[in-house]
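Text of data_11.pdb (PDB, N, CA and C atoms) as supplied:
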```pdb
ATOM      1  N   MET A1413     -16.879  40.796   0.444
ATOM      2  CA  MET A1413     -16.366  40.431  -0.848
ATOM      3  C   MET A1413     -15.597  39.117  -0.709
ATOM      4  N   GLU A1414     -15.814  38.199  -1.653
ATOM      5  CA  GLU A1414     -15.141  36.902  -1.609
ATOM      6  C   GLU A1414     -13.726  36.999  -2.141
ATOM      7  N   ASN A1415     -12.852  36.161  -1.572
ATOM      8  CA  ASN A1415     -11.475  36.099  -2.029
ATOM      9  C   ASN A1415     -11.407  35.105  -3.177
ATOM     10  N   THR A1416     -11.063  35.565  -4.356
ATOM     11  CA  THR A1416     -10.997  34.704  -5.533
ATOM     12  C   THR A1416      -9.573  34.464  -5.981
ATOM     13  N   ASP A1417      -8.633  34.667  -5.091
ATOM     14  CA  ASP A1417      -7.223  34.479  -5.413
ATOM     15  C   ASP A1417      -6.948  33.006  -5.728
ATOM     16  N   ALA A1418      -6.207  32.736  -6.765
ATOM     17  CA  ALA A1418      -5.903  31.362  -7.180
ATOM     18  C   ALA A1418      -5.024  30.633  -6.161
ATOM     19  N   ASN A1419      -4.348  31.362  -5.297
ATOM     20  CA  ASN A1419      -3.459  30.748  -4.312
ATOM     21  C   ASN A1419      -4.187  30.238  -3.078
ATOM     22  N   THR A1420      -5.494  30.353  -3.036
ATOM     23  CA  THR A1420      -6.247  29.930  -1.858
ATOM     24  C   THR A1420      -6.915  28.576  -2.064
ATOM     25  N   GLU A1421      -6.425  27.801  -2.995
ATOM     26  CA  GLU A1421      -6.991  26.476  -3.239
ATOM     27  C   GLU A1421      -6.776  25.592  -2.018
ATOM     28  N   THR A1422      -7.690  24.659  -1.823
ATOM     29  CA  THR A1422      -7.524  23.716  -0.721
ATOM     30  C   THR A1422      -6.425  22.733  -1.083
ATOM     31  N   PRO A1423      -5.634  22.322  -0.100
ATOM     32  CA  PRO A1423      -4.544  21.393  -0.407
ATOM     33  C   PRO A1423      -5.093  20.053  -0.882
ATOM     34  N   LYS A1424      -4.375  19.445  -1.814
ATOM     35  CA  LYS A1424      -4.796  18.155  -2.348
ATOM     36  C   LYS A1424      -4.545  17.056  -1.335
ATOM     37  N   LYS A1425      -5.430  16.077  -1.354
ATOM     38  CA  LYS A1425      -5.272  14.917  -0.484
ATOM     39  C   LYS A1425      -4.088  14.097  -0.988
ATOM     40  N   PRO A1426      -3.186  13.659  -0.088
ATOM     41  CA  PRO A1426      -2.020  12.889  -0.544
ATOM     42  C   PRO A1426      -2.440  11.568  -1.189
ATOM     43  N   ARG A1427      -1.719  11.182  -2.207
ATOM     44  CA  ARG A1427      -2.000   9.924  -2.889
ATOM     45  C   ARG A1427      -1.523   8.768  -2.032
ATOM     46  N   LEU A1428      -2.004   7.581  -2.340
ATOM     47  CA  LEU A1428      -1.751   6.406  -1.525
ATOM     48  C   LEU A1428      -0.261   6.145  -1.326
ATOM     49  N   LEU A1429       0.500   6.089  -2.396
ATOM     50  CA  LEU A1429       1.921   5.778  -2.262
ATOM     51  C   LEU A1429       2.685   6.882  -1.541
ATOM     52  N   GLU A1430       2.210   8.125  -1.625
ATOM     53  CA  GLU A1430       2.814   9.208  -0.849
ATOM     54  C   GLU A1430       2.587   8.972   0.643
ATOM     55  N   LEU A1431       1.392   8.507   0.998
ATOM     56  CA  LEU A1431       1.098   8.182   2.397
ATOM     57  C   LEU A1431       2.017   7.075   2.900
ATOM     58  N   VAL A1432       2.220   6.062   2.063
ATOM     59  CA  VAL A1432       3.083   4.942   2.442
ATOM     60  C   VAL A1432       4.513   5.433   2.625
ATOM     61  N   ARG A1433       5.006   6.189   1.663
ATOM     62  CA  ARG A1433       6.388   6.698   1.762
ATOM     63  C   ARG A1433       6.572   7.571   3.009
ATOM     64  N   ASP A1434       5.595   8.437   3.279
ATOM     65  CA  ASP A1434       5.691   9.292   4.469
ATOM     66  C   ASP A1434       5.721   8.455   5.745
ATOM     67  N   ALA A1435       4.869   7.436   5.825
ATOM     68  CA  ALA A1435       4.822   6.584   7.015
ATOM     69  C   ALA A1435       6.140   5.827   7.192
ATOM     70  N   ILE A1436       6.710   5.354   6.103
ATOM     71  CA  ILE A1436       7.988   4.630   6.163
ATOM     72  C   ILE A1436       9.105   5.569   6.623
ATOM     73  N   ARG A1437       9.135   6.758   6.073
ATOM     74  CA  ARG A1437      10.210   7.700   6.414
ATOM     75  C   ARG A1437      10.086   8.212   7.848
ATOM     76  N   ARG A1438       8.851   8.374   8.339
ATOM     77  CA  ARG A1438       8.671   8.773   9.742
ATOM     78  C   ARG A1438       9.232   7.726  10.695
ATOM     79  N   ARG A1439       9.215   6.474  10.272
ATOM     80  CA  ARG A1439       9.714   5.382  11.107
ATOM     81  C   ARG A1439      11.188   5.073  10.831
ATOM     82  N   HIS A1440      11.804   5.834   9.947
ATOM     83  CA  HIS A1440      13.232   5.712   9.618
ATOM     84  C   HIS A1440      13.588   4.324   9.080
ATOM     85  N   TYR A1441      12.689   3.748   8.279
ATOM     86  CA  TYR A1441      13.012   2.489   7.614
ATOM     87  C   TYR A1441      14.019   2.776   6.502
ATOM     88  N   SER A1442      14.725   1.759   6.063
ATOM     89  CA  SER A1442      15.724   1.939   5.011
ATOM     90  C   SER A1442      15.051   2.208   3.665
ATOM     91  N   ARG A1443      15.809   2.782   2.751
ATOM     92  CA  ARG A1443      15.295   3.040   1.391
ATOM     93  C   ARG A1443      14.936   1.730   0.696
ATOM     94  N   ARG A1444      15.714   0.696   0.952
ATOM     95  CA  ARG A1444      15.440  -0.606   0.331
ATOM     96  C   ARG A1444      14.105  -1.173   0.833
ATOM     97  N   THR A1445      13.827  -1.009   2.109
ATOM     98  CA  THR A1445      12.539  -1.454   2.647
ATOM     99  C   THR A1445      11.414  -0.665   1.997
ATOM    100  N   GLU A1446      11.615   0.618   1.839
ATOM    101  CA  GLU A1446      10.612   1.455   1.176
ATOM    102  C   GLU A1446      10.350   0.958  -0.240
ATOM    103  N   GLN A1447      11.411   0.707  -0.989
ATOM    104  CA  GLN A1447      11.248   0.225  -2.363
ATOM    105  C   GLN A1447      10.512  -1.113  -2.396
ATOM    106  N   THR A1448      10.870  -2.001  -1.481
ATOM    107  CA  THR A1448      10.257  -3.324  -1.448
ATOM    108  C   THR A1448       8.778  -3.233  -1.088
ATOM    109  N   TYR A1449       8.444  -2.458  -0.077
ATOM    110  CA  TYR A1449       7.041  -2.312   0.324
ATOM    111  C   TYR A1449       6.215  -1.698  -0.807
ATOM    112  N   ILE A1450       6.753  -0.668  -1.449
ATOM    113  CA  ILE A1450       6.042  -0.043  -2.569
ATOM    114  C   ILE A1450       5.812  -1.071  -3.687
ATOM    115  N   HIS A1451       6.820  -1.879  -3.959
ATOM    116  CA  HIS A1451       6.695  -2.920  -4.981
ATOM    117  C   HIS A1451       5.534  -3.862  -4.676
ATOM    118  N   TRP A1452       5.479  -4.382  -3.450
ATOM    119  CA  TRP A1452       4.427  -5.341  -3.089
ATOM    120  C   TRP A1452       3.053  -4.692  -3.054
ATOM    121  N   ILE A1453       2.982  -3.446  -2.634
ATOM    122  CA  ILE A1453       1.694  -2.751  -2.609
ATOM    123  C   ILE A1453       1.188  -2.543  -4.033
ATOM    124  N   LYS A1454       2.075  -2.161  -4.947
ATOM    125  CA  LYS A1454       1.679  -2.002  -6.348
ATOM    126  C   LYS A1454       1.206  -3.328  -6.939
ATOM    127  N   ARG A1455       1.941  -4.401  -6.650
ATOM    128  CA  ARG A1455       1.529  -5.714  -7.168
ATOM    129  C   ARG A1455       0.164  -6.113  -6.631
ATOM    130  N   PHE A1456      -0.085  -5.820  -5.368
ATOM    131  CA  PHE A1456      -1.385  -6.114  -4.766
ATOM    132  C   PHE A1456      -2.496  -5.329  -5.457
ATOM    133  N   ILE A1457      -2.256  -4.054  -5.724
ATOM    134  CA  ILE A1457      -3.260  -3.211  -6.378
ATOM    135  C   ILE A1457      -3.536  -3.722  -7.789
ATOM    136  N   TYR A1458      -2.496  -4.039  -8.542
ATOM    137  CA  TYR A1458      -2.701  -4.549  -9.901
ATOM    138  C   TYR A1458      -3.377  -5.914  -9.893
ATOM    139  N   PHE A1459      -3.032  -6.760  -8.938
ATOM    140  CA  PHE A1459      -3.689  -8.058  -8.809
ATOM    141  C   PHE A1459      -5.191  -7.878  -8.553
ATOM    142  N   SER A1460      -5.535  -6.841  -7.817
ATOM    143  CA  SER A1460      -6.926  -6.576  -7.436
ATOM    144  C   SER A1460      -7.628  -5.673  -8.438
ATOM    145  N   GLU A1461      -7.156  -5.665  -9.655
ATOM    146  CA  GLU A1461      -7.746  -4.902 -10.759
ATOM    147  C   GLU A1461      -7.805  -3.406 -10.472
ATOM    148  N   ARG A1462      -6.708  -2.916  -9.884
ATOM    149  CA  ARG A1462      -6.483  -1.493  -9.633
ATOM    150  C   ARG A1462      -7.504  -0.868  -8.690
ATOM    151  N   ARG A1463      -8.046  -1.660  -7.790
ATOM    152  CA  ARG A1463      -8.935  -1.120  -6.760
ATOM    153  C   ARG A1463      -8.093  -0.505  -5.643
ATOM    154  N   HIS A1464      -8.642   0.513  -5.001
ATOM    155  CA  HIS A1464      -7.936   1.154  -3.891
ATOM    156  C   HIS A1464      -7.953   0.219  -2.689
ATOM    157  N   PRO A1465      -6.835   0.072  -1.996
ATOM    158  CA  PRO A1465      -6.780  -0.825  -0.837
ATOM    159  C   PRO A1465      -7.813  -0.501   0.250
ATOM    160  N   ALA A1466      -8.223   0.752   0.366
ATOM    161  CA  ALA A1466      -9.232   1.108   1.365
ATOM    162  C   ALA A1466     -10.572   0.439   1.070
ATOM    163  N   GLU A1467     -10.791   0.066  -0.186
ATOM    164  CA  GLU A1467     -12.032  -0.610  -0.584
ATOM    165  C   GLU A1467     -11.952  -2.117  -0.385
ATOM    166  N   MET A1468     -10.793  -2.619  -0.018
ATOM    167  CA  MET A1468     -10.588  -4.057   0.094
ATOM    168  C   MET A1468     -10.309  -4.434   1.535
ATOM    169  N   GLY A1469     -10.347  -5.731   1.782
ATOM    170  CA  GLY A1469     -10.105  -6.220   3.128
ATOM    171  C   GLY A1469      -9.317  -7.511   3.118
ATOM    172  N   SER A1470      -9.533  -8.316   4.125
ATOM    173  CA  SER A1470      -8.729  -9.528   4.303
ATOM    174  C   SER A1470      -8.953 -10.561   3.203
ATOM    175  N   GLU A1471     -10.154 -10.588   2.617
ATOM    176  CA  GLU A1471     -10.400 -11.556   1.545
ATOM    177  C   GLU A1471      -9.466 -11.327   0.366
ATOM    178  N   GLU A1472      -9.306 -10.058   0.000
ATOM    179  CA  GLU A1472      -8.425  -9.723  -1.119
ATOM    180  C   GLU A1472      -6.954  -9.960  -0.770
ATOM    181  N   VAL A1473      -6.579  -9.645   0.451
ATOM    182  CA  VAL A1473      -5.203  -9.890   0.888
ATOM    183  C   VAL A1473      -4.915 -11.386   0.856
ATOM    184  N   THR A1474      -5.840 -12.173   1.376
ATOM    185  CA  THR A1474      -5.675 -13.630   1.371
ATOM    186  C   THR A1474      -5.601 -14.169  -0.049
ATOM    187  N   ALA A1475      -6.456 -13.670  -0.937
ATOM    188  CA  ALA A1475      -6.433 -14.118  -2.333
ATOM    189  C   ALA A1475      -5.093 -13.800  -2.980
ATOM    190  N   PHE A1476      -4.547 -12.621  -2.700
ATOM    191  CA  PHE A1476      -3.253 -12.233  -3.260
ATOM    192  C   PHE A1476      -2.138 -13.136  -2.739
ATOM    193  N   LEU A1477      -2.120 -13.375  -1.437
ATOM    194  CA  LEU A1477      -1.076 -14.222  -0.859
ATOM    195  C   LEU A1477      -1.195 -15.660  -1.362
ATOM    196  N   ASN A1478      -2.415 -16.146  -1.515
ATOM    197  CA  ASN A1478      -2.611 -17.487  -2.080
ATOM    198  C   ASN A1478      -2.143 -17.551  -3.529
ATOM    199  N   HIS A1479      -2.395 -16.496  -4.272
ATOM    200  CA  HIS A1479      -1.924 -16.421  -5.662
ATOM    201  C   HIS A1479      -0.397 -16.505  -5.711
ATOM    202  N   LEU A1480       0.257 -15.783  -4.819
ATOM    203  CA  LEU A1480       1.722 -15.822  -4.793
ATOM    204  C   LEU A1480       2.221 -17.224  -4.482
ATOM    205  N   ALA A1481       1.595 -17.879  -3.538
ATOM    206  CA  ALA A1481       2.045 -19.204  -3.112
ATOM    207  C   ALA A1481       1.723 -20.276  -4.136
ATOM    208  N   ARG A1482       0.522 -20.254  -4.679
ATOM    209  CA  ARG A1482       0.074 -21.341  -5.559
ATOM    210  C   ARG A1482       0.461 -21.156  -7.016
ATOM    211  N   GLU A1483       0.203 -19.968  -7.556
ATOM    212  CA  GLU A1483       0.444 -19.772  -8.985
ATOM    213  C   GLU A1483       1.829 -19.224  -9.298
ATOM    214  N   ARG A1484       2.368 -18.421  -8.400
ATOM    215  CA  ARG A1484       3.683 -17.842  -8.651
ATOM    216  C   ARG A1484       4.798 -18.638  -7.985
ATOM    217  N   ASN A1485       4.430 -19.592  -7.129
ATOM    218  CA  ASN A1485       5.392 -20.473  -6.446
ATOM    219  C   ASN A1485       6.504 -19.713  -5.739
ATOM    220  N   VAL A1486       6.135 -18.643  -5.029
ATOM    221  CA  VAL A1486       7.152 -17.881  -4.304
ATOM    222  C   VAL A1486       7.509 -18.600  -3.008
ATOM    223  N   ALA A1487       8.677 -18.327  -2.501
ATOM    224  CA  ALA A1487       9.134 -18.915  -1.247
ATOM    225  C   ALA A1487       8.339 -18.331  -0.082
ATOM    226  N   ALA A1488       8.349 -19.050   1.013
ATOM    227  CA  ALA A1488       7.617 -18.606   2.200
ATOM    228  C   ALA A1488       8.111 -17.240   2.677
ATOM    229  N   ASN A1489       9.409 -17.016   2.626
ATOM    230  CA  ASN A1489       9.950 -15.728   3.055
ATOM    231  C   ASN A1489       9.479 -14.585   2.159
ATOM    232  N   THR A1490       9.338 -14.848   0.883
ATOM    233  CA  THR A1490       8.854 -13.841  -0.049
ATOM    234  C   THR A1490       7.401 -13.516   0.247
ATOM    235  N   LYS A1491       6.617 -14.537   0.505
ATOM    236  CA  LYS A1491       5.215 -14.335   0.860
ATOM    237  C   LYS A1491       5.107 -13.541   2.165
ATOM    238  N   ASN A1492       5.965 -13.828   3.116
ATOM    239  CA  ASN A1492       5.962 -13.089   4.380
ATOM    240  C   ASN A1492       6.339 -11.628   4.163
ATOM    241  N   GLN A1493       7.239 -11.387   3.230
ATOM    242  CA  GLN A1493       7.628 -10.013   2.914
ATOM    243  C   GLN A1493       6.433  -9.247   2.334
ATOM    244  N   ALA A1494       5.701  -9.895   1.425
ATOM    245  CA  ALA A1494       4.509  -9.275   0.846
ATOM    246  C   ALA A1494       3.465  -9.009   1.929
ATOM    247  N   LEU A1495       3.282  -9.963   2.823
ATOM    248  CA  LEU A1495       2.334  -9.787   3.922
ATOM    249  C   LEU A1495       2.742  -8.612   4.807
ATOM    250  N   SER A1496       4.018  -8.500   5.123
ATOM    251  CA  SER A1496       4.504  -7.388   5.948
ATOM    252  C   SER A1496       4.215  -6.043   5.281
ATOM    253  N   ALA A1497       4.410  -5.976   3.986
ATOM    254  CA  ALA A1497       4.145  -4.735   3.253
ATOM    255  C   ALA A1497       2.660  -4.376   3.320
ATOM    256  N   LEU A1498       1.800  -5.370   3.162
ATOM    257  CA  LEU A1498       0.365  -5.101   3.188
ATOM    258  C   LEU A1498      -0.118  -4.759   4.595
ATOM    259  N   LEU A1499       0.436  -5.411   5.596
ATOM    260  CA  LEU A1499       0.088  -5.059   6.968
ATOM    261  C   LEU A1499       0.508  -3.622   7.271
ATOM    262  N   PHE A1500       1.693  -3.252   6.812
ATOM    263  CA  PHE A1500       2.159  -1.875   6.999
ATOM    264  C   PHE A1500       1.210  -0.910   6.300
ATOM    265  N   LEU A1501       0.813  -1.239   5.090
ATOM    266  CA  LEU A1501      -0.101  -0.389   4.331
ATOM    267  C   LEU A1501      -1.374  -0.123   5.117
ATOM    268  N   TYR A1502      -2.000  -1.192   5.593
ATOM    269  CA  TYR A1502      -3.283  -1.028   6.273
ATOM    270  C   TYR A1502      -3.142  -0.411   7.657
ATOM    271  N   LYS A1503      -2.183  -0.851   8.432
ATOM    272  CA  LYS A1503      -2.074  -0.374   9.810
ATOM    273  C   LYS A1503      -1.461   1.017   9.912
ATOM    274  N   GLU A1504      -0.359   1.236   9.208
ATOM    275  CA  GLU A1504       0.401   2.472   9.388
ATOM    276  C   GLU A1504       0.028   3.565   8.399
ATOM    277  N   ALA A1505      -0.092   3.225   7.127
ATOM    278  CA  ALA A1505      -0.356   4.247   6.124
ATOM    279  C   ALA A1505      -1.835   4.630   6.065
ATOM    280  N   LEU A1506      -2.728   3.627   6.066
ATOM    281  CA  LEU A1506      -4.158   3.911   5.995
ATOM    282  C   LEU A1506      -4.785   4.070   7.383
ATOM    283  N   GLY A1507      -4.096   3.603   8.398
ATOM    284  CA  GLY A1507      -4.602   3.742   9.755
ATOM    285  C   GLY A1507      -5.860   2.958  10.031
ATOM    286  N   SER A1508      -5.979   1.797   9.408
ATOM    287  CA  SER A1508      -7.166   0.976   9.631
ATOM    288  C   SER A1508      -6.776  -0.426  10.047
ATOM    289  N   PRO A1509      -6.483  -0.611  11.342
ATOM    290  CA  PRO A1509      -6.085  -1.943  11.811
ATOM    291  C   PRO A1509      -7.184  -2.974  11.634
ATOM    292  N   ALA A1510      -8.431  -2.548  11.605
ATOM    293  CA  ALA A1510      -9.533  -3.489  11.436
ATOM    294  C   ALA A1510      -9.497  -4.114  10.044
ATOM    295  N   ALA A1511      -9.086  -3.355   9.038
ATOM    296  CA  ALA A1511      -9.035  -3.886   7.670
ATOM    297  C   ALA A1511      -7.973  -4.961   7.548
ATOM    298  N   ALA A1512      -6.863  -4.776   8.227
ATOM    299  CA  ALA A1512      -5.785  -5.756   8.160
ATOM    300  C   ALA A1512      -6.112  -7.006   8.941
ATOM    301  N   ALA A1513      -6.936  -6.863   9.960
ATOM    302  CA  ALA A1513      -7.269  -8.009  10.808
ATOM    303  C   ALA A1513      -8.477  -8.781  10.299
ATOM    304  N   ARG A1514      -9.227  -8.209   9.372
ATOM    305  CA  ARG A1514     -10.430  -8.894   8.883
ATOM    306  C   ARG A1514     -10.124 -10.192   8.222
TER
END
```
Could I get this structure in the form of structure tokens?
Amino acid sequence: MENTDANTETPKKPRLLELVRDAIRRRHYSRRTEQTYIHWIKRFIYFSERRHPAEMGSEEVTAFLNHLARERNVAANTKNQALSALLFLYKEALGSPAAAAR
């Protein structure tokens, strides 16, 4: 006889920002760093027309950073902060160092 209990559902796959937050907290980064990284990751996703970062690679990251530098006129340190957030996203949260290096 099959078990049809409603409590036996398979666990849901964690959402992207939950993965990022978990990775940041495992490394004991500050709350401010967490907020900043989440901010830049969201901006990257919206810039890329809400595509999932796993579907994107270095071309999209480069386009985003160029957009910040050329059209938004952000300072070099700000651009580096955005780059750090995206590198963290790809390497630590998504676990795909090849995507960040492409």
Requested in this report: Point out the residue among A:Ile1436, A:Leu1495, A:His1464, A:Lys1425 with the least atom-to-atom distance to Leu1477 of chain A, counting only N, CA and C atoms.
Outcome: A:Leu1495
Listed atoms of segment 1448-1458 of chain A boxed along x, y and z, 5 Å each side, centre and edge lengths in Å, one decimal, as lines of an AutoDock Vina configuration file:
```
center_x = 3.7
center_y = -3.1
center_z = -4.8
size_x = 24.4
size_y = 16.1
size_z = 20.2
```
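Note that the spacing between atom CA of Arg1463 of chain A and atom CA of Thr1490 of chain A amounts to 22.9 Å.
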Requested in this report: Would you kindly translate the PyMOL selection byres (((chain A and resi 1498 and name CA) around 8) and name CA) into the concrete residues it picks from this file, as a PyMOL selection string?
Outcome: chain A and resi 1449+1452-1453+1473+1494-1497+1499-1502+1512
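Omitting Ser1460 of chain A and its sequence neighbours fewer than 6 positions away, and counting all atoms listed in the file, the residues within 8 Å are Lys1454, Glu1472 and Phe1476 of chain A.
Considering the residues A:Glu1483, A:Pro1426, A:Val1432, A:Arg1437 and counting all atoms listed in the file, Ile1450 of chain A has its shortest atom-to-atom contact with A:Val1432.
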Quick check for you: according to DSSP on this backbone, which residues of chain A are classed as alpha helix (DSSP H)? Reply as a short mmCIF file (atom, residue, chain, number, x, y, z; two decimals) with N, CA and C atoms, keeping the file's coordinate frame.
```
data_model
loop_
_atom_site.label_atom_id
_atom_site.label_comp_id
_atom_site.auth_asym_id
_atom_site.auth_seq_id
_atom_site.Cartn_x
_atom_site.Cartn_y
_atom_site.Cartn_z
N LEU A 1428 -2.00 7.58 -2.34
CA LEU A 1428 -1.75 6.41 -1.52
C LEU A 1428 -0.26 6.14 -1.33
N LEU A 1429 0.50 6.09 -2.40
CA LEU A 1429 1.92 5.78 -2.26
C LEU A 1429 2.68 6.88 -1.54
N GLU A 1430 2.21 8.12 -1.62
CA GLU A 1430 2.81 9.21 -0.85
C GLU A 1430 2.59 8.97 0.64
N LEU A 1431 1.39 8.51 1.00
CA LEU A 1431 1.10 8.18 2.40
C LEU A 1431 2.02 7.08 2.90
N VAL A 1432 2.22 6.06 2.06
CA VAL A 1432 3.08 4.94 2.44
C VAL A 1432 4.51 5.43 2.62
N ARG A 1433 5.01 6.19 1.66
CA ARG A 1433 6.39 6.70 1.76
C ARG A 1433 6.57 7.57 3.01
N ASP A 1434 5.60 8.44 3.28
CA ASP A 1434 5.69 9.29 4.47
C ASP A 1434 5.72 8.46 5.74
N ALA A 1435 4.87 7.44 5.82
CA ALA A 1435 4.82 6.58 7.02
C ALA A 1435 6.14 5.83 7.19
N ILE A 1436 6.71 5.35 6.10
CA ILE A 1436 7.99 4.63 6.16
C ILE A 1436 9.10 5.57 6.62
N ARG A 1437 9.14 6.76 6.07
CA ARG A 1437 10.21 7.70 6.41
C ARG A 1437 10.09 8.21 7.85
N ARG A 1438 8.85 8.37 8.34
CA ARG A 1438 8.67 8.77 9.74
C ARG A 1438 9.23 7.73 10.70
N ARG A 1443 15.81 2.78 2.75
CA ARG A 1443 15.30 3.04 1.39
C ARG A 1443 14.94 1.73 0.70
N ARG A 1444 15.71 0.70 0.95
CA ARG A 1444 15.44 -0.61 0.33
C ARG A 1444 14.10 -1.17 0.83
N THR A 1445 13.83 -1.01 2.11
CA THR A 1445 12.54 -1.45 2.65
C THR A 1445 11.41 -0.66 2.00
N GLU A 1446 11.62 0.62 1.84
CA GLU A 1446 10.61 1.46 1.18
C GLU A 1446 10.35 0.96 -0.24
N GLN A 1447 11.41 0.71 -0.99
CA GLN A 1447 11.25 0.22 -2.36
C GLN A 1447 10.51 -1.11 -2.40
N THR A 1448 10.87 -2.00 -1.48
CA THR A 1448 10.26 -3.32 -1.45
C THR A 1448 8.78 -3.23 -1.09
N TYR A 1449 8.44 -2.46 -0.08
CA TYR A 1449 7.04 -2.31 0.32
C TYR A 1449 6.22 -1.70 -0.81
N ILE A 1450 6.75 -0.67 -1.45
CA ILE A 1450 6.04 -0.04 -2.57
C ILE A 1450 5.81 -1.07 -3.69
N HIS A 1451 6.82 -1.88 -3.96
CA HIS A 1451 6.70 -2.92 -4.98
C HIS A 1451 5.53 -3.86 -4.68
N TRP A 1452 5.48 -4.38 -3.45
CA TRP A 1452 4.43 -5.34 -3.09
C TRP A 1452 3.05 -4.69 -3.05
N ILE A 1453 2.98 -3.45 -2.63
CA ILE A 1453 1.69 -2.75 -2.61
C ILE A 1453 1.19 -2.54 -4.03
N LYS A 1454 2.08 -2.16 -4.95
CA LYS A 1454 1.68 -2.00 -6.35
C LYS A 1454 1.21 -3.33 -6.94
N ARG A 1455 1.94 -4.40 -6.65
CA ARG A 1455 1.53 -5.71 -7.17
C ARG A 1455 0.16 -6.11 -6.63
N PHE A 1456 -0.08 -5.82 -5.37
CA PHE A 1456 -1.38 -6.11 -4.77
C PHE A 1456 -2.50 -5.33 -5.46
N ILE A 1457 -2.26 -4.05 -5.72
CA ILE A 1457 -3.26 -3.21 -6.38
C ILE A 1457 -3.54 -3.72 -7.79
N TYR A 1458 -2.50 -4.04 -8.54
CA TYR A 1458 -2.70 -4.55 -9.90
C TYR A 1458 -3.38 -5.91 -9.89
N PHE A 1459 -3.03 -6.76 -8.94
CA PHE A 1459 -3.69 -8.06 -8.81
C PHE A 1459 -5.19 -7.88 -8.55
N SER A 1470 -9.53 -8.32 4.12
CA SER A 1470 -8.73 -9.53 4.30
C SER A 1470 -8.95 -10.56 3.20
N GLU A 1471 -10.15 -10.59 2.62
CA GLU A 1471 -10.40 -11.56 1.54
C GLU A 1471 -9.47 -11.33 0.37
N GLU A 1472 -9.31 -10.06 0.00
CA GLU A 1472 -8.43 -9.72 -1.12
C GLU A 1472 -6.95 -9.96 -0.77
N VAL A 1473 -6.58 -9.64 0.45
CA VAL A 1473 -5.20 -9.89 0.89
C VAL A 1473 -4.92 -11.39 0.86
N THR A 1474 -5.84 -12.17 1.38
CA THR A 1474 -5.68 -13.63 1.37
C THR A 1474 -5.60 -14.17 -0.05
N ALA A 1475 -6.46 -13.67 -0.94
CA ALA A 1475 -6.43 -14.12 -2.33
C ALA A 1475 -5.09 -13.80 -2.98
N PHE A 1476 -4.55 -12.62 -2.70
CA PHE A 1476 -3.25 -12.23 -3.26
C PHE A 1476 -2.14 -13.14 -2.74
N LEU A 1477 -2.12 -13.38 -1.44
CA LEU A 1477 -1.08 -14.22 -0.86
C LEU A 1477 -1.20 -15.66 -1.36
N ASN A 1478 -2.42 -16.15 -1.52
CA ASN A 1478 -2.61 -17.49 -2.08
C ASN A 1478 -2.14 -17.55 -3.53
N HIS A 1479 -2.40 -16.50 -4.27
CA HIS A 1479 -1.92 -16.42 -5.66
C HIS A 1479 -0.40 -16.50 -5.71
N LEU A 1480 0.26 -15.78 -4.82
CA LEU A 1480 1.72 -15.82 -4.79
C LEU A 1480 2.22 -17.22 -4.48
N ALA A 1481 1.60 -17.88 -3.54
CA ALA A 1481 2.04 -19.20 -3.11
C ALA A 1481 1.72 -20.28 -4.14
N ARG A 1482 0.52 -20.25 -4.68
CA ARG A 1482 0.07 -21.34 -5.56
C ARG A 1482 0.46 -21.16 -7.02
N ALA A 1488 8.35 -19.05 1.01
CA ALA A 1488 7.62 -18.61 2.20
C ALA A 1488 8.11 -17.24 2.68
N ASN A 1489 9.41 -17.02 2.63
CA ASN A 1489 9.95 -15.73 3.06
C ASN A 1489 9.48 -14.58 2.16
N THR A 1490 9.34 -14.85 0.88
CA THR A 1490 8.85 -13.84 -0.05
C THR A 1490 7.40 -13.52 0.25
N LYS A 1491 6.62 -14.54 0.50
CA LYS A 1491 5.22 -14.34 0.86
C LYS A 1491 5.11 -13.54 2.16
N ASN A 1492 5.96 -13.83 3.12
CA ASN A 1492 5.96 -13.09 4.38
C ASN A 1492 6.34 -11.63 4.16
N GLN A 1493 7.24 -11.39 3.23
CA GLN A 1493 7.63 -10.01 2.91
C GLN A 1493 6.43 -9.25 2.33
N ALA A 1494 5.70 -9.90 1.42
CA ALA A 1494 4.51 -9.28 0.85
C ALA A 1494 3.46 -9.01 1.93
N LEU A 1495 3.28 -9.96 2.82
CA LEU A 1495 2.33 -9.79 3.92
C LEU A 1495 2.74 -8.61 4.81
N SER A 1496 4.02 -8.50 5.12
CA SER A 1496 4.50 -7.39 5.95
C SER A 1496 4.22 -6.04 5.28
N ALA A 1497 4.41 -5.98 3.99
CA ALA A 1497 4.14 -4.74 3.25
C ALA A 1497 2.66 -4.38 3.32
N LEU A 1498 1.80 -5.37 3.16
CA LEU A 1498 0.36 -5.10 3.19
C LEU A 1498 -0.12 -4.76 4.60
N LEU A 1499 0.44 -5.41 5.60
CA LEU A 1499 0.09 -5.06 6.97
C LEU A 1499 0.51 -3.62 7.27
N PHE A 1500 1.69 -3.25 6.81
CA PHE A 1500 2.16 -1.88 7.00
C PHE A 1500 1.21 -0.91 6.30
N PRO A 1509 -6.48 -0.61 11.34
CA PRO A 1509 -6.08 -1.94 11.81
C PRO A 1509 -7.18 -2.97 11.63
N ALA A 1510 -8.43 -2.55 11.60
CA ALA A 1510 -9.53 -3.49 11.44
C ALA A 1510 -9.50 -4.11 10.04
N ALA A 1511 -9.09 -3.36 9.04
CA ALA A 1511 -9.04 -3.89 7.67
C ALA A 1511 -7.97 -4.96 7.55
N ALA A 1512 -6.86 -4.78 8.23
CA ALA A 1512 -5.78 -5.76 8.16
C ALA A 1512 -6.11 -7.01 8.94
N ALA A 1513 -6.94 -6.86 9.96
CA ALA A 1513 -7.27 -8.01 10.81
C ALA A 1513 -8.48 -8.78 10.30
#
```
**Report entry** One-decimal distance in Å that lies between atom CA of Arg1443 of chain A and atom CA of Arg1484 of chain A
**Finding:** 25.9 Å
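Counting from atom CA of Thr1422 of chain A, the distance to atom CA of Ala1466 of chain A is 22.8 Å.
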